[in-house]
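Text of final.tsv (TSV, C-alpha atoms and all ligand atoms) as supplied:
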chain	number	residue	atom	x	y	z
A	214	MET	CA	-3.18	-20.87	-13.25
A	215	PRO	CA	-1.12	-17.68	-13.77
A	216	ARG	CA	2.20	-17.33	-11.97
A	217	MET	CA	3.82	-14.22	-10.54
A	218	LYS	CA	6.88	-12.87	-12.30
A	219	VAL	CA	8.95	-9.82	-11.36
A	220	THR	CA	9.14	-7.68	-14.51
A	221	GLY	CA	10.70	-4.54	-13.04
A	222	VAL	CA	12.94	-3.64	-10.11
A	223	GLY	CA	13.73	-0.17	-8.77
A	224	MET	CA	15.54	1.39	-5.84
A	225	TYR	CA	16.09	4.80	-4.33
A	226	VAL	CA	18.42	5.84	-1.53
A	227	PRO	CA	18.93	9.41	-0.32
A	228	ASP	CA	22.18	11.16	-1.25
A	229	ARG	CA	23.20	11.87	2.34
A	230	VAL	CA	25.91	9.40	3.38
A	231	VAL	CA	26.48	8.91	7.12
A	232	THR	CA	29.69	7.07	7.97
A	233	ASN	CA	30.57	5.14	11.10
A	234	ASN	CA	32.96	7.95	11.98
A	235	ASP	CA	30.06	10.42	11.78
A	236	LEU	CA	28.16	8.32	14.34
A	237	SER	CA	31.20	8.00	16.58
A	238	LYS	CA	31.01	11.78	17.12
A	239	LEU	CA	27.52	11.37	18.60
A	240	MET	CA	27.94	8.22	20.71
A	241	ASP	CA	30.55	5.92	22.15
A	242	THR	CA	31.25	3.71	19.15
A	243	THR	CA	33.99	3.21	16.57
A	244	ASP	CA	34.26	2.42	12.89
A	245	GLU	CA	36.29	-0.66	13.84
A	246	TRP	CA	33.58	-2.02	16.20
A	247	ILE	CA	30.77	-1.50	13.70
A	248	VAL	CA	32.65	-2.99	10.73
A	249	MET	CA	33.88	-5.98	12.72
A	250	ARG	CA	30.49	-6.85	14.28
A	251	THR	CA	28.16	-5.96	11.40
A	252	GLY	CA	30.04	-5.27	8.15
A	253	ILE	CA	28.45	-1.81	7.92
A	254	LYS	CA	30.64	1.13	6.83
A	255	GLU	CA	28.01	3.74	6.02
A	256	ARG	CA	24.29	4.22	5.57
A	257	ARG	CA	21.98	6.80	3.98
A	258	TYR	CA	19.70	9.22	5.84
A	259	VAL	CA	16.87	11.23	4.31
A	260	PRO	CA	17.12	15.02	4.18
A	261	ASP	CA	14.35	17.13	5.73
A	262	GLY	CA	11.21	16.94	3.62
A	263	MET	CA	11.91	13.57	1.95
A	264	THR	CA	9.13	11.08	2.66
A	265	GLY	CA	8.97	7.30	2.47
A	266	ALA	CA	6.22	7.62	-0.13
A	267	GLU	CA	8.41	9.84	-2.28
A	268	MET	CA	11.30	7.36	-2.13
A	269	ALA	CA	8.96	4.53	-3.11
A	270	ALA	CA	7.59	6.58	-6.00
A	271	ARG	CA	11.10	7.34	-7.28
A	272	ALA	CA	12.02	3.64	-7.13
A	273	THR	CA	8.77	2.81	-8.94
A	274	ASP	CA	9.63	5.13	-11.86
A	275	ILE	CA	12.81	3.09	-12.42
A	276	ALA	CA	10.99	-0.25	-12.14
A	277	LEU	CA	8.25	0.82	-14.57
A	278	LYS	CA	10.89	1.57	-17.21
A	279	GLU	CA	12.40	-1.89	-16.84
A	280	ALA	CA	8.96	-3.55	-16.95
A	281	GLY	CA	8.08	-1.45	-19.99
A	282	ILE	CA	4.55	-0.81	-18.78
A	283	GLU	CA	2.40	2.26	-18.16
A	284	LYS	CA	1.91	3.02	-14.48
A	285	LYS	CA	-1.87	2.96	-15.04
A	286	GLN	CA	-1.53	-0.82	-15.47
A	287	ILE	CA	-0.83	-1.15	-11.73
A	288	GLU	CA	-3.98	-2.58	-10.16
A	289	ALA	CA	-2.79	-2.87	-6.55
A	290	ILE	CA	-0.06	-1.47	-4.31
A	291	ILE	CA	1.29	-3.44	-1.35
A	292	SER	CA	3.51	-1.35	0.89
A	293	ALA	CA	5.85	-3.11	3.29
A	294	THR	CA	7.22	-0.81	5.97
A	295	LEU	CA	7.80	-0.56	9.70
A	296	SER	CA	8.20	3.20	9.39
A	297	PRO	CA	5.11	4.58	7.63
A	298	ASP	CA	5.17	8.32	7.04
A	299	HIS	CA	2.24	8.61	9.45
A	300	THR	CA	0.68	6.24	12.01
A	301	PHE	CA	-2.42	5.69	9.90
A	302	PRO	CA	-3.88	5.19	7.27
A	303	GLY	CA	-0.66	3.42	6.40
A	304	MET	CA	1.85	4.06	3.65
A	305	ALA	CA	0.23	2.56	0.55
A	306	PRO	CA	-2.37	5.34	0.16
A	307	PHE	CA	0.40	7.97	0.27
A	308	ILE	CA	2.44	6.06	-2.33
A	309	GLN	CA	-0.68	5.71	-4.48
A	310	ASP	CA	-1.32	9.44	-4.28
A	311	LYS	CA	2.31	10.26	-5.18
A	312	LEU	CA	1.98	8.00	-8.22
A	313	ASP	CA	-1.42	9.50	-9.13
A	314	LEU	CA	-2.98	6.04	-9.21
A	315	GLY	CA	-6.26	6.82	-7.44
A	316	GLY	CA	-8.73	3.93	-7.53
A	317	CYS	CA	-6.39	0.94	-7.42
A	318	ALA	CA	-6.25	-1.37	-4.38
A	319	VAL	CA	-3.87	-0.39	-1.55
A	320	MET	CA	-2.60	-2.34	1.44
A	321	ASP	CA	0.14	-2.10	4.08
A	322	ILE	CA	2.08	-5.02	5.51
A	323	ARG	CA	3.79	-4.57	8.86
A	324	ASN	CA	6.36	-7.31	8.96
A	325	GLN	CA	9.63	-5.46	9.42
A	326	CYS	CA	12.61	-7.20	7.77
A	327	THR	CA	10.40	-9.89	6.25
A	328	GLY	CA	7.77	-7.37	5.15
A	329	PHE	CA	8.83	-7.41	1.54
A	330	LEU	CA	8.90	-11.21	1.37
A	331	TYR	CA	5.43	-11.52	2.94
A	332	SER	CA	4.21	-8.82	0.51
A	333	MET	CA	5.57	-10.78	-2.45
A	334	ALA	CA	3.74	-13.84	-1.14
A	335	VAL	CA	0.47	-11.87	-1.01
A	336	ALA	CA	1.05	-10.48	-4.51
A	337	ASP	CA	1.75	-14.03	-5.72
A	338	ALA	CA	-1.51	-15.29	-4.16
A	339	TRP	CA	-3.54	-12.41	-5.65
A	340	ILE	CA	-2.04	-13.03	-9.08
A	341	ARG	CA	-2.53	-16.82	-8.92
A	342	THR	CA	-6.22	-16.42	-8.06
A	343	GLY	CA	-6.64	-14.01	-10.95
A	344	LEU	CA	-7.64	-11.08	-8.74
A	345	PHE	CA	-4.95	-8.82	-10.24
A	346	LYS	CA	-2.52	-9.00	-13.14
A	347	THR	CA	-0.10	-6.25	-12.08
A	348	VAL	CA	0.85	-5.52	-8.46
A	349	LEU	CA	3.39	-2.98	-7.23
A	350	VAL	CA	5.21	-4.18	-4.11
A	351	THR	CA	7.16	-1.49	-2.27
A	352	GLY	CA	9.56	-1.51	0.67
A	353	SER	CA	10.30	1.99	1.95
A	354	GLU	CA	11.85	2.91	5.26
A	355	ILE	CA	12.90	6.02	7.15
A	356	HIS	CA	14.76	4.88	10.25
A	357	SER	CA	16.95	7.92	10.79
A	358	THR	CA	14.24	10.07	12.39
A	359	ALA	CA	13.45	7.40	15.00
A	360	LEU	CA	16.87	6.30	16.26
A	361	GLU	CA	18.53	7.29	19.52
A	362	PHE	CA	21.74	9.14	18.72
A	363	GLU	CA	23.29	8.51	22.11
A	364	THR	CA	25.40	5.73	23.60
A	365	ARG	CA	22.31	4.18	25.20
A	366	GLY	CA	20.91	3.36	21.74
A	367	ARG	CA	24.17	2.63	19.91
A	368	ASP	CA	23.62	-1.11	19.33
A	369	VAL	CA	20.48	-0.41	17.27
A	370	THR	CA	21.32	3.01	15.86
A	371	VAL	CA	24.47	1.94	14.02
A	372	ILE	CA	22.73	-0.81	12.05
A	373	PHE	CA	19.77	0.92	10.37
A	374	GLY	CA	19.59	3.09	7.27
A	375	ASP	CA	16.95	4.71	5.02
A	376	GLY	CA	15.95	3.68	1.51
A	377	ALA	CA	13.35	2.20	-0.78
A	378	GLY	CA	13.04	-0.61	-3.28
A	379	VAL	CA	10.17	-1.96	-5.37
A	380	PHE	CA	9.15	-4.87	-7.57
A	381	ILE	CA	6.59	-4.76	-10.36
A	382	CYS	CA	4.90	-8.16	-10.10
A	383	GLN	CA	2.94	-9.41	-13.09
A	384	ALA	CA	0.95	-12.45	-14.13
A	385	THR	CA	2.54	-14.82	-16.61
A	386	ASP	CA	1.31	-18.04	-18.19
A	387	ASP	CA	4.87	-19.15	-18.88
A	388	GLU	CA	5.42	-22.21	-16.69
A	389	ASN	CA	9.18	-21.77	-16.88
A	390	THR	CA	9.22	-18.47	-15.05
A	391	GLY	CA	7.96	-16.88	-11.81
A	392	VAL	CA	7.42	-17.94	-8.20
A	393	ILE	CA	7.97	-21.64	-7.55
A	394	ALA	CA	7.75	-21.99	-3.76
A	395	THR	CA	7.33	-19.90	-0.61
A	396	ASP	CA	8.07	-20.69	3.03
A	397	LEU	CA	6.93	-18.26	5.75
A	398	HIS	CA	7.19	-18.37	9.55
A	399	GLY	CA	6.83	-16.33	12.72
A	400	GLU	CA	7.32	-16.71	16.46
A	401	GLY	CA	5.52	-14.08	18.53
A	402	LYS	CA	7.03	-15.10	21.83
A	403	TYR	CA	10.05	-13.09	20.71
A	404	ALA	CA	8.03	-10.03	19.69
A	405	LYS	CA	9.70	-7.94	22.38
A	406	ALA	CA	13.24	-8.98	21.44
A	407	LEU	CA	13.28	-6.30	18.75
A	408	TRP	CA	10.58	-3.69	19.10
A	409	VAL	CA	9.44	-0.16	19.74
A	410	GLU	CA	7.33	-0.22	22.88
A	411	ALA	CA	5.78	3.25	22.81
A	412	GLU	CA	3.65	4.91	21.76
A	413	GLY	CA	1.32	2.02	22.41
A	414	GLN	CA	-2.44	1.89	22.34
A	415	VAL	CA	-2.29	-0.32	25.46
A	416	PHE	CA	-1.05	2.60	27.54
A	417	HIS	CA	-3.36	5.23	29.04
A	418	PRO	CA	-2.31	7.70	27.76
A	419	ARG	CA	-0.55	6.04	24.86
A	420	LEU	CA	2.55	8.26	25.10
A	421	THR	CA	3.93	10.24	28.03
A	422	HIS	CA	6.95	12.47	28.59
A	423	LYS	CA	8.22	9.82	31.00
A	424	MET	CA	8.18	7.16	28.27
A	425	LEU	CA	10.10	9.45	25.96
A	426	TRP	CA	12.59	10.26	28.69
A	427	GLU	CA	13.07	6.56	29.42
A	428	GLY	CA	13.79	5.92	25.74
A	429	ARG	CA	10.82	3.59	25.30
A	430	ALA	CA	9.92	5.25	22.00
A	431	PHE	CA	13.19	4.10	20.42
A	432	PRO	CA	13.79	0.65	18.92
A	433	ARG	CA	15.28	-1.80	21.41
A	434	MET	CA	16.91	-5.10	20.58
A	435	LYS	CA	18.30	-8.18	22.28
A	436	GLY	CA	21.05	-8.38	19.68
A	437	GLN	CA	22.55	-11.73	20.57
A	438	LEU	CA	19.13	-13.40	20.75
A	439	VAL	CA	18.24	-12.03	17.31
A	440	PHE	CA	21.59	-13.18	15.96
A	441	THR	CA	21.39	-16.74	17.28
A	442	HIS	CA	17.85	-17.20	15.97
A	443	ALA	CA	18.69	-15.69	12.58
A	444	ILE	CA	21.62	-18.01	11.93
A	445	ARG	CA	19.44	-21.04	12.78
A	446	ARG	CA	16.21	-20.02	11.07
A	447	LEU	CA	17.70	-18.85	7.76
A	448	PRO	CA	19.26	-22.20	6.74
A	449	GLU	CA	16.12	-23.96	8.04
A	450	THR	CA	13.71	-21.96	5.87
A	451	MET	CA	16.01	-22.03	2.83
A	452	ASN	CA	16.14	-25.83	3.05
A	453	ALA	CA	12.37	-26.04	3.59
A	454	CYS	CA	11.64	-23.83	0.58
A	455	CYS	CA	14.00	-25.84	-1.65
A	456	ALA	CA	12.26	-29.04	-0.48
A	457	LYS	CA	8.86	-27.56	-1.39
A	458	ALA	CA	10.22	-26.63	-4.83
A	459	GLY	CA	11.84	-30.05	-5.31
A	460	VAL	CA	15.30	-28.53	-5.79
A	461	LYS	CA	18.56	-28.63	-3.86
A	462	ILE	CA	20.33	-25.64	-2.34
A	463	GLU	CA	23.08	-25.99	-4.96
A	464	ASP	CA	20.49	-25.79	-7.78
A	465	VAL	CA	19.75	-22.18	-6.79
A	466	ASP	CA	21.79	-19.82	-8.99
A	467	PHE	CA	21.65	-16.75	-6.75
A	468	TRP	CA	20.52	-15.94	-3.19
A	469	VAL	CA	19.20	-12.51	-2.25
A	470	PHE	CA	19.68	-12.21	1.51
A	471	HIS	CA	18.27	-9.65	3.87
A	472	GLN	CA	21.07	-7.38	5.08
A	473	ALA	CA	20.84	-7.26	8.88
A	474	ASN	CA	24.38	-8.24	9.66
A	475	LEU	CA	27.09	-9.49	7.29
A	476	ARG	CA	28.03	-12.19	9.82
A	477	ILE	CA	24.48	-13.63	9.77
A	478	ASN	CA	24.66	-14.07	5.99
A	479	GLU	CA	28.15	-15.54	6.19
A	480	PHE	CA	26.93	-18.07	8.76
A	481	ALA	CA	23.96	-19.05	6.57
A	482	CYS	CA	26.17	-19.46	3.49
A	483	GLN	CA	28.70	-21.49	5.43
A	484	ALA	CA	26.00	-23.75	6.86
A	485	LEU	CA	24.63	-24.48	3.38
A	486	SER	CA	27.94	-24.38	1.42
A	487	ILE	CA	26.79	-21.47	-0.73
A	488	PRO	CA	29.77	-19.87	-2.51
A	489	PRO	CA	30.22	-16.07	-2.26
A	490	ASN	CA	29.66	-15.59	-6.01
A	491	LYS	CA	26.03	-16.70	-5.55
A	492	THR	CA	25.20	-13.77	-3.25
A	493	LEU	CA	25.63	-10.02	-2.99
A	494	ASN	CA	26.03	-8.19	0.30
A	495	ASN	CA	25.67	-4.41	0.18
A	496	ILE	CA	25.15	-3.83	3.91
A	497	ASP	CA	28.49	-1.98	3.94
A	498	LYS	CA	26.87	0.87	1.95
A	499	TYR	CA	23.31	0.98	3.28
A	500	GLY	CA	23.11	-0.79	6.65
A	501	ASN	CA	19.83	-2.56	7.37
A	502	THR	CA	17.01	-0.92	5.41
A	503	THR	CA	14.46	-3.55	6.64
A	504	ALA	CA	11.62	-3.93	4.10
A	505	ALA	CA	13.58	-2.08	1.41
A	506	THR	CA	16.55	-4.43	1.52
A	507	LEU	CA	15.48	-7.34	-0.72
A	508	PRO	CA	14.61	-5.15	-3.72
A	509	ILE	CA	17.70	-2.95	-3.21
A	510	VAL	CA	19.99	-6.01	-3.27
A	511	THR	CA	18.08	-7.42	-6.26
A	512	TYR	CA	18.41	-4.15	-8.17
A	513	GLU	CA	22.16	-3.96	-7.62
A	514	ALA	CA	22.66	-7.67	-8.35
A	515	GLN	CA	20.79	-7.27	-11.65
A	516	LYS	CA	22.89	-4.23	-12.56
A	517	LYS	CA	26.07	-6.17	-11.86
A	518	GLY	CA	24.83	-9.05	-14.05
A	519	LEU	CA	24.69	-11.42	-11.08
A	520	ILE	CA	20.96	-12.03	-11.55
A	521	LYS	CA	19.88	-12.79	-15.10
A	522	ARG	CA	16.63	-13.91	-16.67
A	523	GLY	CA	16.16	-17.67	-16.47
A	524	MET	CA	18.15	-18.06	-13.24
A	525	LEU	CA	16.71	-19.78	-10.18
A	526	VAL	CA	16.77	-17.02	-7.54
A	527	GLY	CA	16.11	-17.40	-3.80
A	528	PHE	CA	15.09	-14.66	-1.36
A	529	ALA	CA	15.75	-15.31	2.33
A	530	THR	CA	15.11	-13.07	5.29
A	531	PHE	CA	14.78	-12.95	9.08
A	532	GLY	CA	13.55	-10.12	11.26
A	533	ALA	CA	11.53	-8.70	14.11
A	534	GLY	CA	8.47	-10.62	15.26
A	535	PHE	CA	10.40	-12.90	14.96
A	536	THR	CA	9.46	-13.56	11.34
A	537	TRP	CA	11.41	-15.36	8.65
A	538	GLY	CA	10.97	-16.98	5.28
A	539	THR	CA	12.20	-17.84	1.80
A	540	MET	CA	10.83	-17.54	-1.73
A	541	LEU	CA	12.19	-19.23	-4.83
A	542	MET	CA	11.47	-17.95	-8.30
A	543	ARG	CA	12.66	-18.53	-11.84
A	544	TRP	CA	13.78	-15.01	-12.73
A	601	LIG	C1	23.84	-5.79	17.41
A	601	LIG	C2	25.05	-6.70	17.30
A	601	LIG	C3	25.92	-6.24	16.17
A	601	LIG	C4	25.82	-6.59	18.60
A	601	LIG	O1	26.95	-7.43	18.53
A	601	LIG	P1	27.30	-8.41	19.73
A	601	LIG	O2	28.55	-9.07	19.39
A	601	LIG	O3	26.09	-9.27	19.97
A	601	LIG	O4	27.53	-7.40	20.89
A	601	LIG	P2	26.84	-7.36	22.33
A	601	LIG	O5	25.42	-6.94	22.21
A	601	LIG	O6	27.13	-8.65	23.04
A	601	LIG	O7	27.68	-6.23	22.98
A	601	LIG	C5	29.07	-6.34	23.22
A	601	LIG	C6	29.57	-5.05	23.79
A	601	LIG	O8	29.56	-4.05	22.76
A	601	LIG	C7	28.85	-2.91	23.20
A	601	LIG	N1	28.21	-2.28	22.05
A	601	LIG	C8	26.96	-2.45	21.59
A	601	LIG	N2	26.79	-1.66	20.50
A	601	LIG	C9	27.95	-0.99	20.31
A	601	LIG	C10	28.36	-0.06	19.36
A	601	LIG	N3	27.57	0.38	18.38
A	601	LIG	N4	29.63	0.41	19.44
A	601	LIG	C11	30.45	0.00	20.41
A	601	LIG	N5	30.11	-0.91	21.35
A	601	LIG	C12	28.85	-1.39	21.29
A	601	LIG	C13	27.87	-3.45	24.22
A	601	LIG	O9	27.45	-2.44	25.08
A	601	LIG	C14	28.68	-4.50	24.90
A	601	LIG	O10	29.51	-3.88	25.84
A	601	LIG	P3	29.84	-4.62	27.25
A	601	LIG	O11	30.53	-5.89	26.88
A	601	LIG	O12	30.72	-3.64	27.92
A	601	LIG	O13	28.52	-4.83	27.91
A	601	LIG	C15	24.65	-8.18	17.06
A	601	LIG	O14	24.11	-8.73	18.22
A	601	LIG	C16	23.68	-8.34	15.94
A	601	LIG	O15	23.94	-8.01	14.80
A	601	LIG	N6	22.52	-8.92	16.23
A	601	LIG	C17	21.51	-9.13	15.23
A	601	LIG	C18	20.91	-7.81	14.90
A	601	LIG	C19	19.94	-7.90	13.80
A	601	LIG	O16	20.08	-8.71	12.94
A	601	LIG	N7	18.97	-7.01	13.86
A	601	LIG	C20	18.02	-6.83	12.84
A	601	LIG	C21	17.22	-8.05	12.63
A	601	LIG	S1	16.32	-7.83	11.24

What would you get if you wrote out this structure as structure tokens?
Amino acid sequence: MPRMKVTGVGMYVPDRVVTNNDLSKLMDTTDEWIVMRTGIKERRYVPDGMTGAEMAARATDIALKEAGIEKKQIEAIISATLSPDHTFPGMAPFIQDKLDLGGCAVMDIRNQCTGFLYSMAVADAWIRTGLFKTVLVTGSEIHSTALEFETRGRDVTVIFGDGAGVFICQATDDENTGVIATDLHGEGKYAKALWVEAEGQVFHPRLTHKMLWEGRAFPRMKGQLVFTHAIRRLPETMNACCAKAGVKIEDVDFWVFHQANLRINEFACQALSIPPNKTLNNIDKYGNTTAATLPIVTYEAQKKGLIKRGMLVGFATFGAGFTWGTMLMRW
């Protein structure tokens, strides 16, 4: 049975840097508060006219070069995003059009911070069954146009940033490389702990001026609840995935963590005795870019020589839903 291997990684972030001090001019917050609670120093915001599809396409150009393949070899595009350029038909068709890949399969996955991990799991399943040999998985997010730049929304606004990252996933017959194990979970009873309530198809009409005025169209979060679940669920799923793979936590050479809050990752590493040299945190530069985060961290870790071919690499993430999971692959 073929296995899924990542042959190319790409990322794109907009040039516009927004610092904590920039935000403190718009709302009651400080650089000190944000750095201490989250580890974030700055994030990127798209300029007018930049789309999520365009960012994904730019990241794909980089990944194709690394994979050394023609873009026409891509047979399917899976787009993970919570911020599609338009409400429907989803983001993947727009990315496909940007890449001029008409005819290939396209699909969106709406799983927020675990969207990229779930998308990799789908790509892995498609490749194992022989349906496709080359799948492009993208994570592309524009948060900056949907945040509340006032004190009321400060807890959420300071943590999110824009960006995109992609993996080129390909079939391999080499048993010493590719995905080894995957562990995925969700718990819908916490769906409203981190969500955007409106517009909502359950409302008649689905969006009103009153809803906008009340701030129900902005993301809302029970921060402490998210935090306490994240620090419990991450070690749990990492252990479970290692057990499925028949390896120990210490056998994993490098961990790619979602970047929601530096403290969450520090807790997880402490709980599992993972040394700092086996991870890379770049939340200080980009904030939380949700579905784009895993490939962005992977890209930078590869560039720094922290992830090398042959290494056992783990991907671990927790996010809205709640959803969480881990994937282990021989890089
Ligand atoms: C958001 C988060 C940083 C807030 O940190 P916290 O220590 O839990 O802070 P609290 O929510 O308890 O708020 C503490 C105080 O800071 C204030 N505060 C919230 N955001 C603030 C900001 N950006 N700047 C200044 N003060 C802020 C609160 O209003 C509160 O004030 P009060 O004590 O007067 O009521 C933290 O809960 C977190 O990171 N949670 C997980 C978020 C996450 O991972 N989200 C994405 C999941 S994928």

Give the centre and edge lengths of an axis-aligned box, in Å to one decimal, that holds all listed atoms of segment 369-381 of chain A with 6 Å on each side, as AutoDock Vina command-line options.
--center_x 15.5 --center_y -0.1 --center_z 3.5 --size_x 29.9 --size_y 21.6 --size_z 39.6

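Taking atom CA of Leu236 of chain A and atom CA of Val371 of chain A as endpoints, the distance between them is 7.4 Å.
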
Which protein, DNA or RNA residues have an atom at most 12 Å from (31.9, -5.8, 13.6), counting only C-alpha atoms? List them as a ChimeraX atom specification. /A:233,242-254,368,371-372,474-477,496-497

Distance query Arg543 of chain A at most 10 Å, only C-alpha atoms, self and fewer than 3 positions along chain excluded, as a PyMOL selection string: chain A and resi 217-219+388-393+465-466+521-527

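When only C-alpha atoms and all ligand atoms are used to measure the gap to ligand LIG 601 (chain A), the shortest distance among A:Gly265, A:Pro432, A:Gly518, A:Gly532 belongs to A:Gly532.
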
Atom CA of Gly281 of chain A to atom CA of Ala384 of chain A, distance in Å rounded to a single decimal: 14.4 Å

Using Å and a single decimal, report how far atom CA of Pro227 of chain A sits from atom CA of Val259 of chain A. 5.4 Å

Which residues are near Glu288 of chain A? Cut-off 8 Å, all atoms listed in the file, ignore same chain within fewer than 6 positions. Put them as a list in words. Cys317, Ala318, Phe345, Lys346, Thr347, Val348 and Leu349 of chain A

Reconstruct segment 310-322 of chain A at the level of N, CA and C atoms, and format the result as a CSV table (one decimal), in the coordinates of the input.
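The result, written out as selection06.csv:
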chain,number,residue,atom,x,y,z
A,310,ASP,N,-1.1,8.0,-4.0
A,310,ASP,CA,-1.3,9.4,-4.3
A,310,ASP,C,-0.1,10.1,-5.0
A,311,LYS,N,1.1,9.8,-4.5
A,311,LYS,CA,2.3,10.3,-5.2
A,311,LYS,C,2.4,9.8,-6.6
A,312,LEU,N,1.9,8.6,-6.9
A,312,LEU,CA,2.0,8.0,-8.2
A,312,LEU,C,0.8,8.4,-9.0
A,313,ASP,N,-0.2,9.1,-8.4
A,313,ASP,CA,-1.4,9.5,-9.1
A,313,ASP,C,-2.2,8.3,-9.7
A,314,LEU,N,-2.3,7.3,-8.8
A,314,LEU,CA,-3.0,6.0,-9.2
A,314,LEU,C,-4.3,5.8,-8.5
A,315,GLY,N,-5.0,6.9,-8.2
A,315,GLY,CA,-6.3,6.8,-7.4
A,315,GLY,C,-7.2,5.8,-8.0
A,316,GLY,N,-7.8,4.9,-7.1
A,316,GLY,CA,-8.7,3.9,-7.5
A,316,GLY,C,-8.2,2.5,-7.4
A,317,CYS,N,-6.9,2.3,-7.5
A,317,CYS,CA,-6.4,0.9,-7.4
A,317,CYS,C,-6.4,0.5,-6.0
A,318,ALA,N,-6.2,-0.8,-5.7
A,318,ALA,CA,-6.2,-1.4,-4.4
A,318,ALA,C,-5.0,-1.0,-3.7
A,319,VAL,N,-5.1,-0.7,-2.3
A,319,VAL,CA,-3.9,-0.4,-1.6
A,319,VAL,C,-3.9,-1.2,-0.2
A,320,MET,N,-2.7,-1.6,0.2
A,320,MET,CA,-2.6,-2.3,1.4
A,320,MET,C,-1.2,-2.2,2.1
A,321,ASP,N,-1.1,-2.1,3.4
A,321,ASP,CA,0.1,-2.1,4.1
A,321,ASP,C,0.4,-3.4,4.7
A,322,ILE,N,1.7,-3.8,4.8
A,322,ILE,CA,2.1,-5.0,5.5
A,322,ILE,C,3.1,-4.6,6.5
